[in-house]
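Below you'll find the structure, written out as structure tokens, and then a few comments.
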Amino acid sequence: MFKDLFKSKKMFWRRVVAGVTMAAFLTSGVFTGYEGNLPAAYADDDTEQAYSVVVPSKTFQRYAGNTRYETAVEISKKNWYESYNVVLARGDDFPDALAGAVLANSALVQGPLLLTKPNELDPLVLNELKRLNTNTVFILGGTSAVSDEVVKKLRANGMQVQRIQGQNRYETAANIAATAVENSDKAFLASGNDFADALSISSYAAANGIPLLLTAPNKLPDATGKALKQLGVTEVTLIGGEKAISAAVQQELEKAGYTVDRLYGDDRYKTNVTILENLAFDLEQAVIATGTKFPDALAGSVLAARENNPIILVPLSENALINSQTSEYLNTYREEINNFFILGGWSVINYKVENIIRTGKINPRISLQFWNGYALQENYEKYLTYVPEPLTDYIDILSPNFLSELKSDGSFAYRFANADIPKYLVALGQSKGARVVPLVMGSGKTASEILKDPAKRQNFVKSALKVIEETKADGIMVDLEALDDDAENGLTSLMRELYTNLNPKGKLVMICVMPKTSPTAEPWLVEYNYKDLAKYADYIQIMSYDKHYSTSAPGPIAPLDWVRQVMAYAVTQIPAEKILMGVPYYGRSWWAEGNKWSSTAFGWAVATETAEEFGAAITRGGITSTDPIGVPTFKYVDEQGRSRTAYFDDRLSWSEKLKLLDDFSLGGIGGWAMGWINEKSAPELYPLLKERMR
């Protein structure tokens with residue numbers, strides 16, 4: 001029936017970008033997780049221009065709270081400006097709420113679905129109801145589902161309450177349907193014993209005003225049969241295979257005169273894909289929810305229903321997803337979907353599952369960019385403006401340096417006075433689809449002493465957990481340099497402790513390490529045990545630059561032959577997909593002071609401007625038989641009369657280095673740093689990253 005009616009993969013209509021309003025922008029959830037002041041680019045007087053640019057970009061937004069109740073509030077907060085009517089269901093069990101999306105999206109309500117504990121109204125939920133200016137709360141289920149104490153609390157805060165209940169889950173679903181839909185010639189029927197099949201169909205049913213009723217596996221409940229008659233239904237679609245709804249139920253319906261068909265697969269995920277492939281959804285957006293737990297998808301089904309978007313159920317394990325029908329569906333329609341809304345925290349949908357959602361791969365090639373604003377908010381904002389939209393075509397992970405230097409006890413906080421601006425920066429980066437992993441740096445004696453002391457390492461871990469909790473960041477990046485030999489085990493131990501705490505939460509654990517070309521070539525770097533560190537890091541960024549450094553003799557920062565040596569050794573110690581090759585965006589201009597060398601650093605744009613200013617001819621140095629490109633270099637005499645020699649990188653030399661990604665099957669790059677890129681060099685670099693990375 002539905003397969004014949006809806007063969008199109010999407011609705012014929014699309015939102016018109018030019019007509020996007022403030023309400024539509026709020027609905028998109030672009031600034032998830034941040035409620036402070038937006039940067040100037042998004043100020044009120046620029047709203048129309050900003051919206052027309054941001055909305056059509058491919059984004060990956062995650063709605064997550066510390067509990068299922070908070071996650072439902074996050075979904076509501078970022079997608080409803082106000083709602084006079086709200087549906088409220090218990091959050092510790094699913095039956096009463098399965099049909100709730102149809103009611104929430106109906107003309108009667110047109111509001112979000114929030115969750116509550118049976119005997120207690122969470123203050124966060126109450127505050128959200130107040131923010132929405134809610135007048136009426138539709139409670140699903142009897143007093144054992146949502147107690148009278150909750151009702152009293154709502155009424156005490158000036159809200160009216162309408163309870164929809166029945167003697168059992170089937171009668172409750174029937175009464176919800178009767179409240180939401182006056183009549184319908186079609187109905188969906190799902191098992192009342194499990195949640196996944198009902199959630200798979202919920203957004204479509206709600207978007208199209210089709211009642212969703214429940215049945216027992218082997219017998220049609222009297223309340224369901226009565227509801228079908230009262231609603232005027234003539235066609236019933238069963239959701240799920242015969243284990244969910246038996247052939248006996250289908251025969252019972254057919255004997256009663258209903259036309260019956262079935263949408264199903266061998267398991268909940270295949271049933272979900274069957275629904276996605278056979279019904280007409282608008283693929284402008286898609287909601288991603290776990291198929292192993294119900295609460296997040298309950299609230300998310302209403303978000304999906306608003307524009308007839310699909311709910312895509314994913315398993316907890318990335319291994320179960322990678323070669324599944326769900327993955328095939330995502331691979332087929334990923335380019336068509338502009339906005340992905342991911343429901344739940346990292347323990348619900350981990351970063352590897354998210355990687356598959358984003359790219360189809362568990363370990364896709366990623367672009368990590370160090371976002372070095374040095375505690376100036378305007379710098380962080382400015383550097384993002386140089387990145388073309390959508391940002392995720394060029395950057396996957398942003399690593400801002402808003403964390404303070406290490407204290408002697410191993411702890412750290414922020415370069416800012418408090419967490420407000422860091423929270424904003426994390427939300428800003430995430431709003432553009434990137435994961436944000438703050439960078440914590442330490443060096444010298446302080447870093448060494450911390451690594452050798454277990455108590456200080458614990459302080460480091462506690463600080464990392466606190467920062468991630470406060471800012472809702474996606475993980476942590478560790479950069480500890482100038483260590484001594486005694487700190488080797490300490491660095492590995494620190495990473496083990498971080499990984500043990502953060503990996504189960506789905507947070508990224510990353511580390512920057514010094515470059516090595518062999519086990520013995522750089523004995524002073526013994527503390528960087530690549531093989532052991534790889535066990536406790538999701539990605540290892542190898543700082544394959546500073547071959548010639550600030551006080552060395554002049555020469556290329558990262559000559560290709562040397563970088564190739566570094567990568568050749570690294571892949572013998574670290575899984576290649578975990579390696580991020582360091583790429584420098586800076587060069588240096590050296591001058592001699594007696595027997596010593598000094599230098600200043602600059603980016604590509606300033607280097608070329610300096611050569612032009614002093615009339616210097618740019619040539620290419622460091623050319624060898626295995627590096628036919630080399631790097632740009634020039635000589636000049638500065639204002640103080642000092643003879644200088646400069647080396648830097650340009651599009652050609654960057655391009656040659658990026659070919660090493662394919663040569664060694666590397667996991668991606670880590671570019672140091674965005675602060676060296678400006679409006680002149682950005683058009684040279686970012687398109688190259690997209691070309692080589694994607």
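By order of appearance in the structure tokens: chains A, B, ..., then residues from 1 within every chain, and ligands from 1 in the order shown.
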For this session: as JSON, numbers by chain, list the residues of region 355-486 of chain A assigned to strand (DSSP E) by DSSP on the backbone atoms of this structure.
Result: {"A": [366, 367, 368, 369, 370, 371, 397, 398, 399, 400, 435, 436, 439, 440, 441, 442, 443, 475, 476, 477, 478, 479, 480, 481]}
Could those selected residues go to a file with C-alpha atoms, as a PDB file, in the first residue's frame?
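This went into selection.pdb:
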ATOM      1  CA  ILE A 366      40.449  14.004   9.290  1.00  0.00           C
ATOM      2  CA  SER A 367      41.618  17.577   9.256  1.00  0.00           C
ATOM      3  CA  LEU A 368      42.617  18.784  12.719  1.00  0.00           C
ATOM      4  CA  GLN A 369      43.293  22.501  12.931  1.00  0.00           C
ATOM      5  CA  PHE A 370      44.877  24.171  15.932  1.00  0.00           C
ATOM      6  CA  TRP A 371      42.679  27.171  16.703  1.00  0.00           C
ATOM      7  CA  ILE A 397      38.339  18.909  14.606  1.00  0.00           C
ATOM      8  CA  LEU A 398      39.196  22.297  16.088  1.00  0.00           C
ATOM      9  CA  SER A 399      41.721  22.396  18.934  1.00  0.00           C
ATOM     10  CA  PRO A 400      41.560  25.802  20.655  1.00  0.00           C
ATOM     11  CA  ARG A 435      34.322  18.568  17.046  1.00  0.00           C
ATOM     12  CA  VAL A 436      36.140  20.802  19.525  1.00  0.00           C
ATOM     13  CA  LEU A 439      44.626  21.891  23.755  1.00  0.00           C
ATOM     14  CA  VAL A 440      46.506  21.707  27.063  1.00  0.00           C
ATOM     15  CA  MET A 441      50.206  22.542  26.821  1.00  0.00           C
ATOM     16  CA  GLY A 442      53.134  22.174  29.169  1.00  0.00           C
ATOM     17  CA  SER A 443      56.892  22.070  28.891  1.00  0.00           C
ATOM     18  CA  GLY A 475      37.719  15.536  24.249  1.00  0.00           C
ATOM     19  CA  ILE A 476      41.208  16.738  25.131  1.00  0.00           C
ATOM     20  CA  MET A 477      44.492  17.272  23.247  1.00  0.00           C
ATOM     21  CA  VAL A 478      47.722  16.858  25.245  1.00  0.00           C
ATOM     22  CA  ASP A 479      50.971  18.594  24.222  1.00  0.00           C
ATOM     23  CA  LEU A 480      53.744  18.096  26.798  1.00  0.00           C
ATOM     24  CA  GLU A 481      57.263  18.937  25.595  1.00  0.00           C
TER      25      GLU A 481
END
For this session: Fewer than 2 positions away in the same chain doesn't count, so skip those; otherwise give me all residues within 9 Å of region 616-626 of chain A, counting only C-alpha atoms, as a list of chain:residue names.
Result: A:Gly555, A:Pro556, A:Pro559, A:Leu560, A:Asp561, A:Thr608, A:Thr610, A:Ala611, A:Glu612, A:Glu613, A:Phe614, A:Pro628, A:Ile629, A:Gly630, A:Val631, A:Pro632, A:Thr633, A:Phe634, A:Lys635, A:Tyr636, A:Tyr647
For this session: Select from region 537-651 of chain A everything DSSP, run on the backbone, classes as helix (DSSP H, G or I), then give the selection as number ranges by chain.
Result: A: 560-573, 576-578, 604-613, 651
For this session: For Lys186 (chain A), work out the shell of residues within 10 Å, counting only C-alpha atoms and skipping chain neighbours fewer than 5 positions away, then give it as a ChimeraX atom specification.
Result: /A:1-2,205,209-212,228,231-237,258-260
Counting only C-alpha atoms, what are the residues of region 495-578 of chain A within 8 Å of region 665-671 of chain A, and for each of them which pair of atoms is the nearest and at what distance in Å, to one decimal? Sort the table by chain and rising number, as JSON lines.
{"residue": "A:Tyr539", "atom": "CA", "partner": "A:Gly667", "partner_atom": "CA", "distance": 8.0}
{"residue": "A:Gln541", "atom": "CA", "partner": "A:Gly670", "partner_atom": "CA", "distance": 6.0}
{"residue": "A:Ile542", "atom": "CA", "partner": "A:Gly670", "partner_atom": "CA", "distance": 7.9}
{"residue": "A:Ala576", "atom": "CA", "partner": "A:Leu666", "partner_atom": "CA", "distance": 4.9}
{"residue": "A:Glu577", "atom": "CA", "partner": "A:Gly667", "partner_atom": "CA", "distance": 4.0}
{"residue": "A:Lys578", "atom": "CA", "partner": "A:Gly667", "partner_atom": "CA", "distance": 5.3}
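Computed from the coordinates, the CA of Gly344 (chain A) to CA of Lys130 (chain A) distance equals 23.3 Å.
When only C-alpha atoms are used to compute distances to Pro295 (chain A), the closest of the residues A:Asp538, A:Glu70, A:Glu277, A:Asp282 turns out to be A:Glu70.
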